[in-house]
file my_file.cif (mmCIF, C-alpha atoms)
data_structure
loop_
_atom_site.label_atom_id
_atom_site.label_comp_id
_atom_site.auth_asym_id
_atom_site.auth_seq_id
_atom_site.Cartn_x
_atom_site.Cartn_y
_atom_site.Cartn_z
CA PHE C 19 91.97 -115.95 125.08
CA ASP C 20 91.16 -114.38 121.69
CA ALA C 21 88.27 -116.80 121.23
CA SER C 22 86.91 -115.82 124.64
CA VAL C 23 87.01 -112.13 123.75
CA ALA C 24 85.33 -112.79 120.41
CA ALA C 25 82.63 -114.91 122.08
CA THR C 26 81.97 -112.21 124.68
CA LYS C 27 81.61 -109.60 121.93
CA ALA C 28 79.28 -111.89 119.97
CA VAL C 29 77.05 -112.49 122.99
CA GLY C 30 77.02 -108.73 123.68
CA ARG C 31 75.95 -108.04 120.10
CA MET C 32 73.22 -110.71 120.28
CA HIS C 33 71.97 -109.09 123.50
CA GLU C 34 71.90 -105.65 121.80
CA LEU C 35 69.83 -107.10 118.95
CA GLY C 36 67.37 -108.63 121.40
CA LEU C 37 68.06 -112.19 120.29
CA LEU C 38 68.44 -113.45 123.87
CA GLY C 39 64.96 -112.54 125.05
CA GLN C 40 65.00 -111.36 128.65
CA VAL C 41 68.38 -112.93 129.37
CA ASP C 42 70.50 -110.35 131.15
CA GLU C 43 74.11 -109.84 130.06
CA ARG C 44 76.56 -109.82 132.97
CA GLY C 45 80.24 -110.41 133.31
CA PRO C 46 81.81 -112.59 135.97
CA GLU C 47 83.90 -109.81 137.49
CA GLY C 48 82.03 -108.18 140.35
CA ALA C 49 78.72 -109.66 139.23
CA PRO C 50 76.19 -110.19 141.99
CA ILE C 51 75.37 -113.70 143.17
CA VAL C 52 72.85 -115.21 140.79
CA ASP C 53 69.89 -117.19 142.09
CA LEU C 54 69.92 -119.56 139.14
CA GLY C 55 66.56 -121.16 139.90
CA ARG C 56 64.79 -117.82 140.22
CA SER C 57 66.57 -116.39 137.17
CA LEU C 58 65.60 -119.34 134.98
CA CYS C 59 62.03 -119.36 136.35
CA ALA C 60 61.72 -115.72 135.27
CA LEU C 61 62.59 -116.79 131.72
CA LEU C 62 59.72 -119.29 131.60
CA ASP C 63 57.38 -116.42 130.66
CA ASP C 64 59.64 -115.06 127.94
CA PRO C 65 57.72 -114.20 124.74
CA ASN C 66 60.30 -116.15 122.73
CA TRP C 67 59.20 -119.80 122.93
CA ALA C 68 62.77 -121.05 122.51
CA VAL C 69 63.96 -119.07 125.54
CA SER C 70 61.12 -120.34 127.73
CA LEU C 71 61.50 -123.95 126.54
CA HIS C 72 65.25 -124.03 127.11
CA ALA C 73 64.89 -122.32 130.49
CA ALA C 74 62.46 -125.11 131.46
CA GLU C 75 64.86 -127.71 130.08
CA ALA C 76 67.75 -126.22 132.07
CA LEU C 77 65.64 -126.13 135.24
CA ALA C 78 64.62 -129.75 134.79
CA LYS C 79 68.21 -130.89 134.24
CA LEU C 80 69.49 -128.88 137.20
CA ALA C 81 66.70 -130.07 139.49
CA ALA C 82 67.32 -133.70 138.55
CA ALA C 83 71.07 -133.29 139.12
CA VAL C 84 70.86 -131.62 142.53
CA ALA C 85 67.82 -133.49 143.89
CA PRO C 86 69.71 -136.36 145.61
CA ALA C 87 72.01 -133.99 147.49
CA VAL C 88 69.24 -131.52 148.34
CA PHE C 89 66.94 -134.26 149.64
CA ARG C 90 69.69 -135.83 151.75
CA LEU C 91 70.73 -132.45 153.17
CA ALA C 92 67.10 -131.52 153.92
CA ASP C 93 66.55 -134.87 155.60
CA ARG C 94 69.60 -134.45 157.83
CA ARG C 95 68.63 -130.85 158.60
CA GLU C 96 65.09 -131.78 159.64
CA SER C 97 65.84 -135.05 161.45
CA GLU C 98 65.59 -134.65 165.22
CA GLY C 99 67.96 -137.54 165.91
CA SER C 100 70.60 -136.77 163.29
CA PRO C 101 74.06 -136.00 164.65
CA TYR C 102 74.51 -133.88 161.52
CA ARG C 103 71.44 -131.70 162.06
CA ARG C 104 73.30 -128.56 163.13
CA ALA C 105 75.96 -128.87 160.42
CA ALA C 106 73.32 -129.58 157.77
CA GLY C 107 71.38 -126.49 158.88
CA LYS C 108 74.47 -124.31 158.61
CA LEU C 109 75.30 -125.71 155.19
CA TRP C 110 71.69 -125.19 154.03
CA ASP C 111 71.77 -121.54 155.16
CA ALA C 112 75.15 -120.96 153.50
CA LEU C 113 73.91 -122.48 150.25
CA LEU C 114 70.81 -120.27 150.32
CA GLN C 115 73.00 -117.18 150.77
CA GLU C 116 74.99 -118.20 147.71
CA GLY C 117 71.86 -118.55 145.59
CA ALA C 118 71.77 -122.36 145.52
CA MET C 119 68.74 -123.99 143.94
CA LEU C 120 67.17 -125.70 146.96
CA GLU C 121 63.42 -125.12 146.47
CA LEU C 122 62.97 -127.95 144.00
CA GLY C 123 59.20 -128.33 144.43
CA HIS C 124 58.61 -124.76 143.30
CA ILE C 125 60.97 -125.16 140.37
CA VAL C 126 59.26 -128.34 139.19
CA GLU C 127 55.83 -126.68 139.48
CA GLU C 128 57.07 -123.81 137.33
CA CYS C 129 58.80 -125.74 134.56
CA VAL C 130 56.46 -128.74 134.07
CA PRO C 131 53.67 -126.73 132.35
CA VAL C 132 56.18 -125.23 129.88
CA LEU C 133 57.60 -128.67 129.13
CA ALA C 134 54.12 -130.19 128.76
CA ALA C 135 53.17 -127.43 126.32
CA GLY C 136 56.39 -128.10 124.38
CA ILE C 137 55.44 -131.78 124.11
CA ALA C 138 51.86 -130.99 123.03
CA GLU C 139 52.82 -128.35 120.47
CA GLY C 140 55.91 -130.08 119.14
CA ALA C 141 54.88 -133.73 119.04
CA GLY C 142 57.22 -135.62 116.73
CA THR C 143 59.58 -132.67 116.32
CA PRO C 144 62.92 -131.80 117.92
CA VAL C 145 61.04 -129.33 120.16
CA GLY C 146 58.75 -132.08 121.44
CA HIS C 147 61.70 -134.43 121.90
CA THR C 148 63.62 -131.80 123.89
CA ALA C 149 60.64 -131.15 126.16
CA LEU C 150 59.94 -134.86 126.66
CA SER C 151 63.59 -135.60 127.44
CA ALA C 152 63.68 -132.83 130.06
CA LEU C 153 60.42 -134.02 131.61
CA GLU C 154 61.74 -137.58 131.78
CA LYS C 155 64.77 -136.36 133.71
CA LEU C 156 62.42 -135.03 136.39
CA HIS C 157 60.69 -138.40 136.67
#
call {"tool": "encode", "arguments": {"input": "my_file.cif", "output": "structure tokens"}}
result
Amino acid sequence: FDASVAATKAVGRMHELGLLGQVDERGPEGAPIVDLGRSLCALLDDPNWAVSLHAAEALAKLAAAVAPAVFRLADRRESEGSPYRRAAGKLWDALLQEGAMLELGHIVEECVPVLAAGIAEGAGTPVGHTALSALEKLH
């Protein structure tokens, strides 16, 4: 518990100093539902290159992780003959209300240019490797 308090104070101090770019500091208690995809997409334009690169990396990793489930759910929701159509539609709507990252096409369109720039500008460096690795996950 002491480590958690110390970490929270450290993150608060880093936020005060402006080291986190546009990242907003919020606690879990009573915090509003976060639309993670939209929040990370907003960070893609951050003036700090590290914030924008890692936001793109996070988006790529999240999109790759959720894609199989999102595509299957969307398929069941849109399929006229699926016995799961109604249930899939209800689940889709509930996930949207909770801020789930379901609009994967938009997210990919937003993060690919940032990752491509990271590869071009950081060829042969850890920055380039990070960007390439994230882009490969989307493939």
call {"tool": "residues_around", "arguments": {"input": "my_file.cif", "residues": "C:Glu75", "least_positions_apart": "4", "cutoff": "7 Å", "atoms": "all atoms listed in the file", "output": "list in words"}}
result
Leu71, Lys79, Ala149 and Ala152 of chain C
call {"tool": "resolve_selection", "arguments": {"input": "my_file.cif", "expression": "the PyMOL selection byres ((chain C and resi 128-140) around 10)", "output": "short mmCIF file (atom, residue, chain, number, x, y, z; two decimals) with C-alpha atoms, keeping the file's coordinate frame"}}
result
data_model
loop_
_atom_site.label_atom_id
_atom_site.label_comp_id
_atom_site.auth_asym_id
_atom_site.auth_seq_id
_atom_site.Cartn_x
_atom_site.Cartn_y
_atom_site.Cartn_z
CA LEU C 58 65.60 -119.34 134.98
CA CYS C 59 62.03 -119.36 136.35
CA ALA C 60 61.72 -115.72 135.27
CA LEU C 62 59.72 -119.29 131.60
CA ASP C 63 57.38 -116.42 130.66
CA TRP C 67 59.20 -119.80 122.93
CA ALA C 68 62.77 -121.05 122.51
CA SER C 70 61.12 -120.34 127.73
CA LEU C 71 61.50 -123.95 126.54
CA HIS C 72 65.25 -124.03 127.11
CA ALA C 73 64.89 -122.32 130.49
CA ALA C 74 62.46 -125.11 131.46
CA GLU C 75 64.86 -127.71 130.08
CA ALA C 76 67.75 -126.22 132.07
CA LEU C 77 65.64 -126.13 135.24
CA ALA C 78 64.62 -129.75 134.79
CA LEU C 122 62.97 -127.95 144.00
CA GLY C 123 59.20 -128.33 144.43
CA HIS C 124 58.61 -124.76 143.30
CA ILE C 125 60.97 -125.16 140.37
CA VAL C 126 59.26 -128.34 139.19
CA GLU C 127 55.83 -126.68 139.48
CA ALA C 141 54.88 -133.73 119.04
CA GLY C 142 57.22 -135.62 116.73
CA THR C 143 59.58 -132.67 116.32
CA PRO C 144 62.92 -131.80 117.92
CA VAL C 145 61.04 -129.33 120.16
CA GLY C 146 58.75 -132.08 121.44
CA HIS C 147 61.70 -134.43 121.90
CA THR C 148 63.62 -131.80 123.89
CA ALA C 149 60.64 -131.15 126.16
CA LEU C 150 59.94 -134.86 126.66
CA SER C 151 63.59 -135.60 127.44
CA ALA C 152 63.68 -132.83 130.06
CA LEU C 153 60.42 -134.02 131.61
CA LEU C 156 62.42 -135.03 136.39
#
call {"tool": "residues_around", "arguments": {"input": "my_file.cif", "residues": "stretch 81-91 of chain C", "least_positions_apart": "6", "cutoff": "9 Å", "atoms": "all atoms listed in the file", "output": "list in words"}}
result
Gly55, Arg103, Ala106, Gly107, Leu109, Trp110, Met119, Leu120, Glu121, Leu122, Ile125, Val126, Lys155, Leu156 and His157 of chain C
call {"tool": "atom_distance", "arguments": {"input": "my_file.cif", "atom1": "atom CA of C:Glu96", "atom2": "atom CA of C:Lys108"}}
result
12.0 Å
call {"tool": "closest_residue", "arguments": {"input": "my_file.cif", "among": "C:Gly36, C:Ala25, C:Ser100, C:Arg31", "to": "C:Asn66", "atoms": "all atoms listed in the file"}}
result
C:Gly36
call {"tool": "closest_residue", "arguments": {"input": "my_file.cif", "among": "C:Arg104, C:Leu54, C:Ser22, C:Val29", "to": "C:Leu80", "atoms": "all atoms listed in the file"}}
result
C:Leu54
call {"tool": "closest_residue", "arguments": {"input": "my_file.cif", "among": "C:Ala28, C:Arg95, C:Glu154, C:Asp53", "to": "C:Glu116", "atoms": "only C-alpha atoms"}}
result
C:Asp53
call {"tool": "closest_residue", "arguments": {"input": "my_file.cif", "among": "C:Arg56, C:Val23, C:Leu35, C:Gly30", "to": "C:Gly117", "atoms": "all atoms listed in the file"}}
result
C:Arg56
call {"tool": "decode", "arguments": {"input": "my_file.cif", "residues": "stretch 100-116 of chain C", "atoms": "all heavy atoms", "output": "PDB file, in the first residue's frame"}}
result
ATOM      1  N   SER C 100     -27.841 -15.129 -38.229  1.00  0.00           N
ATOM      2  CA  SER C 100     -27.220 -15.556 -36.981  1.00  0.00           C
ATOM      3  C   SER C 100     -28.241 -15.618 -35.848  1.00  0.00           C
ATOM      4  O   SER C 100     -28.970 -14.660 -35.596  1.00  0.00           O
ATOM      5  CB  SER C 100     -26.100 -14.586 -36.586  1.00  0.00           C
ATOM      6  OG  SER C 100     -25.607 -14.919 -35.304  1.00  0.00           O
ATOM      7  N   PRO C 101     -28.273 -16.753 -35.134  1.00  0.00           N
ATOM      8  CA  PRO C 101     -29.168 -16.838 -33.978  1.00  0.00           C
ATOM      9  C   PRO C 101     -28.689 -15.946 -32.822  1.00  0.00           C
ATOM     10  O   PRO C 101     -29.426 -15.715 -31.865  1.00  0.00           O
ATOM     11  CB  PRO C 101     -29.122 -18.319 -33.588  1.00  0.00           C
ATOM     12  CG  PRO C 101     -27.827 -18.821 -34.136  1.00  0.00           C
ATOM     13  CD  PRO C 101     -27.544 -17.990 -35.356  1.00  0.00           C
ATOM     14  N   TYR C 102     -27.477 -15.431 -32.945  1.00  0.00           N
ATOM     15  CA  TYR C 102     -26.895 -14.587 -31.904  1.00  0.00           C
ATOM     16  C   TYR C 102     -26.988 -13.103 -32.235  1.00  0.00           C
ATOM     17  O   TYR C 102     -26.424 -12.273 -31.522  1.00  0.00           O
ATOM     18  CB  TYR C 102     -25.421 -14.960 -31.691  1.00  0.00           C
ATOM     19  CG  TYR C 102     -25.221 -16.423 -31.405  1.00  0.00           C
ATOM     20  CD1 TYR C 102     -24.656 -17.253 -32.365  1.00  0.00           C
ATOM     21  CD2 TYR C 102     -25.602 -16.972 -30.189  1.00  0.00           C
ATOM     22  CE1 TYR C 102     -24.471 -18.602 -32.113  1.00  0.00           C
ATOM     23  CE2 TYR C 102     -25.421 -18.317 -29.929  1.00  0.00           C
ATOM     24  CZ  TYR C 102     -24.862 -19.134 -30.896  1.00  0.00           C
ATOM     25  OH  TYR C 102     -24.687 -20.458 -30.644  1.00  0.00           O
ATOM     26  N   ARG C 103     -27.654 -12.761 -33.310  1.00  0.00           N
ATOM     27  CA  ARG C 103     -27.683 -11.375 -33.784  1.00  0.00           C
ATOM     28  C   ARG C 103     -28.168 -10.400 -32.709  1.00  0.00           C
ATOM     29  O   ARG C 103     -27.533  -9.379 -32.456  1.00  0.00           O
ATOM     30  CB  ARG C 103     -28.546 -11.266 -35.030  1.00  0.00           C
ATOM     31  CG  ARG C 103     -28.535  -9.873 -35.611  1.00  0.00           C
ATOM     32  CD  ARG C 103     -29.281  -9.820 -36.905  1.00  0.00           C
ATOM     33  NE  ARG C 103     -29.076  -8.492 -37.479  1.00  0.00           N
ATOM     34  CZ  ARG C 103     -29.833  -7.979 -38.388  1.00  0.00           C
ATOM     35  NH1 ARG C 103     -30.838  -8.664 -38.874  1.00  0.00           N
ATOM     36  NH2 ARG C 103     -29.585  -6.776 -38.843  1.00  0.00           N
ATOM     37  N   ARG C 104     -29.296 -10.700 -32.102  1.00  0.00           N
ATOM     38  CA  ARG C 104     -29.865  -9.800 -31.094  1.00  0.00           C
ATOM     39  C   ARG C 104     -28.939  -9.660 -29.875  1.00  0.00           C
ATOM     40  O   ARG C 104     -28.661  -8.566 -29.403  1.00  0.00           O
ATOM     41  CB  ARG C 104     -31.236 -10.307 -30.670  1.00  0.00           C
ATOM     42  CG  ARG C 104     -31.942  -9.381 -29.740  1.00  0.00           C
ATOM     43  CD  ARG C 104     -33.399  -9.805 -29.549  1.00  0.00           C
ATOM     44  NE  ARG C 104     -33.971  -9.039 -28.472  1.00  0.00           N
ATOM     45  CZ  ARG C 104     -34.582  -9.549 -27.443  1.00  0.00           C
ATOM     46  NH1 ARG C 104     -34.771 -10.847 -27.357  1.00  0.00           N
ATOM     47  NH2 ARG C 104     -35.054  -8.782 -26.492  1.00  0.00           N
ATOM     48  N   ALA C 105     -28.446 -10.797 -29.395  1.00  0.00           N
ATOM     49  CA  ALA C 105     -27.547 -10.772 -28.238  1.00  0.00           C
ATOM     50  C   ALA C 105     -26.255 -10.028 -28.572  1.00  0.00           C
ATOM     51  O   ALA C 105     -25.751  -9.245 -27.751  1.00  0.00           O
ATOM     52  CB  ALA C 105     -27.239 -12.192 -27.772  1.00  0.00           C
ATOM     53  N   ALA C 106     -25.729 -10.251 -29.765  1.00  0.00           N
ATOM     54  CA  ALA C 106     -24.498  -9.564 -30.181  1.00  0.00           C
ATOM     55  C   ALA C 106     -24.730  -8.062 -30.269  1.00  0.00           C
ATOM     56  O   ALA C 106     -23.860  -7.272 -29.891  1.00  0.00           O
ATOM     57  CB  ALA C 106     -24.010 -10.112 -31.508  1.00  0.00           C
ATOM     58  N   GLY C 107     -25.902  -7.658 -30.760  1.00  0.00           N
ATOM     59  CA  GLY C 107     -26.231  -6.232 -30.829  1.00  0.00           C
ATOM     60  C   GLY C 107     -26.313  -5.598 -29.456  1.00  0.00           C
ATOM     61  O   GLY C 107     -25.824  -4.484 -29.238  1.00  0.00           O
ATOM     62  N   LYS C 108     -26.920  -6.306 -28.516  1.00  0.00           N
ATOM     63  CA  LYS C 108     -27.020  -5.787 -27.142  1.00  0.00           C
ATOM     64  C   LYS C 108     -25.635  -5.673 -26.503  1.00  0.00           C
ATOM     65  O   LYS C 108     -25.329  -4.694 -25.831  1.00  0.00           O
ATOM     66  CB  LYS C 108     -27.921  -6.678 -26.292  1.00  0.00           C
ATOM     67  CG  LYS C 108     -29.385  -6.508 -26.586  1.00  0.00           C
ATOM     68  CD  LYS C 108     -30.215  -7.335 -25.626  1.00  0.00           C
ATOM     69  CE  LYS C 108     -31.686  -7.046 -25.826  1.00  0.00           C
ATOM     70  NZ  LYS C 108     -32.499  -7.689 -24.800  1.00  0.00           N
ATOM     71  N   LEU C 109     -24.826  -6.695 -26.722  1.00  0.00           N
ATOM     72  CA  LEU C 109     -23.470  -6.662 -26.168  1.00  0.00           C
ATOM     73  C   LEU C 109     -22.663  -5.529 -26.789  1.00  0.00           C
ATOM     74  O   LEU C 109     -21.954  -4.800 -26.088  1.00  0.00           O
ATOM     75  CB  LEU C 109     -22.769  -8.005 -26.396  1.00  0.00           C
ATOM     76  CG  LEU C 109     -21.334  -8.116 -25.887  1.00  0.00           C
ATOM     77  CD1 LEU C 109     -21.255  -7.797 -24.398  1.00  0.00           C
ATOM     78  CD2 LEU C 109     -20.783  -9.505 -26.176  1.00  0.00           C
ATOM     79  N   TRP C 110     -22.781  -5.341 -28.092  1.00  0.00           N
ATOM     80  CA  TRP C 110     -22.076  -4.255 -28.790  1.00  0.00           C
ATOM     81  C   TRP C 110     -22.462  -2.908 -28.184  1.00  0.00           C
ATOM     82  O   TRP C 110     -21.598  -2.085 -27.886  1.00  0.00           O
ATOM     83  CB  TRP C 110     -22.425  -4.296 -30.274  1.00  0.00           C
ATOM     84  CG  TRP C 110     -21.685  -3.323 -31.121  1.00  0.00           C
ATOM     85  CD1 TRP C 110     -22.015  -2.016 -31.348  1.00  0.00           C
ATOM     86  CD2 TRP C 110     -20.479  -3.553 -31.847  1.00  0.00           C
ATOM     87  NE1 TRP C 110     -21.099  -1.434 -32.177  1.00  0.00           N
ATOM     88  CE2 TRP C 110     -20.151  -2.352 -32.502  1.00  0.00           C
ATOM     89  CE3 TRP C 110     -19.665  -4.654 -32.015  1.00  0.00           C
ATOM     90  CZ2 TRP C 110     -19.031  -2.228 -33.311  1.00  0.00           C
ATOM     91  CZ3 TRP C 110     -18.550  -4.536 -32.821  1.00  0.00           C
ATOM     92  CH2 TRP C 110     -18.234  -3.328 -33.458  1.00  0.00           C
ATOM     93  N   ASP C 111     -23.770  -2.680 -28.010  1.00  0.00           N
ATOM     94  CA  ASP C 111     -24.247  -1.416 -27.451  1.00  0.00           C
ATOM     95  C   ASP C 111     -23.752  -1.209 -26.024  1.00  0.00           C
ATOM     96  O   ASP C 111     -23.345  -0.100 -25.650  1.00  0.00           O
ATOM     97  CB  ASP C 111     -25.777  -1.354 -27.491  1.00  0.00           C
ATOM     98  CG  ASP C 111     -26.317  -1.286 -28.913  1.00  0.00           C
ATOM     99  OD1 ASP C 111     -25.541  -0.936 -29.837  1.00  0.00           O
ATOM    100  OD2 ASP C 111     -27.519  -1.591 -29.098  1.00  0.00           O
ATOM    101  N   ALA C 112     -23.761  -2.278 -25.229  1.00  0.00           N
ATOM    102  CA  ALA C 112     -23.275  -2.182 -23.851  1.00  0.00           C
ATOM    103  C   ALA C 112     -21.782  -1.862 -23.820  1.00  0.00           C
ATOM    104  O   ALA C 112     -21.331  -1.043 -23.014  1.00  0.00           O
ATOM    105  CB  ALA C 112     -23.550  -3.488 -23.103  1.00  0.00           C
ATOM    106  N   LEU C 113     -21.024  -2.485 -24.704  1.00  0.00           N
ATOM    107  CA  LEU C 113     -19.586  -2.212 -24.772  1.00  0.00           C
ATOM    108  C   LEU C 113     -19.316  -0.764 -25.181  1.00  0.00           C
ATOM    109  O   LEU C 113     -18.418  -0.111 -24.638  1.00  0.00           O
ATOM    110  CB  LEU C 113     -18.899  -3.179 -25.741  1.00  0.00           C
ATOM    111  CG  LEU C 113     -18.784  -4.621 -25.260  1.00  0.00           C
ATOM    112  CD1 LEU C 113     -18.343  -5.537 -26.391  1.00  0.00           C
ATOM    113  CD2 LEU C 113     -17.839  -4.719 -24.076  1.00  0.00           C
ATOM    114  N   LEU C 114     -20.086  -0.262 -26.135  1.00  0.00           N
ATOM    115  CA  LEU C 114     -19.934   1.142 -26.543  1.00  0.00           C
ATOM    116  C   LEU C 114     -20.208   2.082 -25.376  1.00  0.00           C
ATOM    117  O   LEU C 114     -19.494   3.072 -25.183  1.00  0.00           O
ATOM    118  CB  LEU C 114     -20.855   1.471 -27.711  1.00  0.00           C
ATOM    119  CG  LEU C 114     -20.409   0.996 -29.085  1.00  0.00           C
ATOM    120  CD1 LEU C 114     -21.459   1.333 -30.126  1.00  0.00           C
ATOM    121  CD2 LEU C 114     -19.067   1.594 -29.476  1.00  0.00           C
ATOM    122  N   GLN C 115     -21.232   1.791 -24.591  1.00  0.00           N
ATOM    123  CA  GLN C 115     -21.563   2.632 -23.435  1.00  0.00           C
ATOM    124  C   GLN C 115     -20.435   2.642 -22.412  1.00  0.00           C
ATOM    125  O   GLN C 115     -20.243   3.622 -21.714  1.00  0.00           O
ATOM    126  CB  GLN C 115     -22.849   2.159 -22.769  1.00  0.00           C
ATOM    127  CG  GLN C 115     -24.089   2.565 -23.497  1.00  0.00           C
ATOM    128  CD  GLN C 115     -25.339   2.152 -22.745  1.00  0.00           C
ATOM    129  OE1 GLN C 115     -25.369   1.125 -22.081  1.00  0.00           O
ATOM    130  NE2 GLN C 115     -26.364   2.971 -22.862  1.00  0.00           N
ATOM    131  N   GLU C 116     -19.706   1.550 -22.332  1.00  0.00           N
ATOM    132  CA  GLU C 116     -18.605   1.452 -21.373  1.00  0.00           C
ATOM    133  C   GLU C 116     -17.289   1.986 -21.930  1.00  0.00           C
ATOM    134  O   GLU C 116     -16.258   1.894 -21.285  1.00  0.00           O
ATOM    135  CB  GLU C 116     -18.431   0.005 -20.918  1.00  0.00           C
ATOM    136  CG  GLU C 116     -19.589  -0.515 -20.100  1.00  0.00           C
ATOM    137  CD  GLU C 116     -19.749   0.241 -18.790  1.00  0.00           C
ATOM    138  OE1 GLU C 116     -18.728   0.562 -18.145  1.00  0.00           O
ATOM    139  OE2 GLU C 116     -20.893   0.512 -18.411  1.00  0.00           O
TER     140      GLU C 116
END
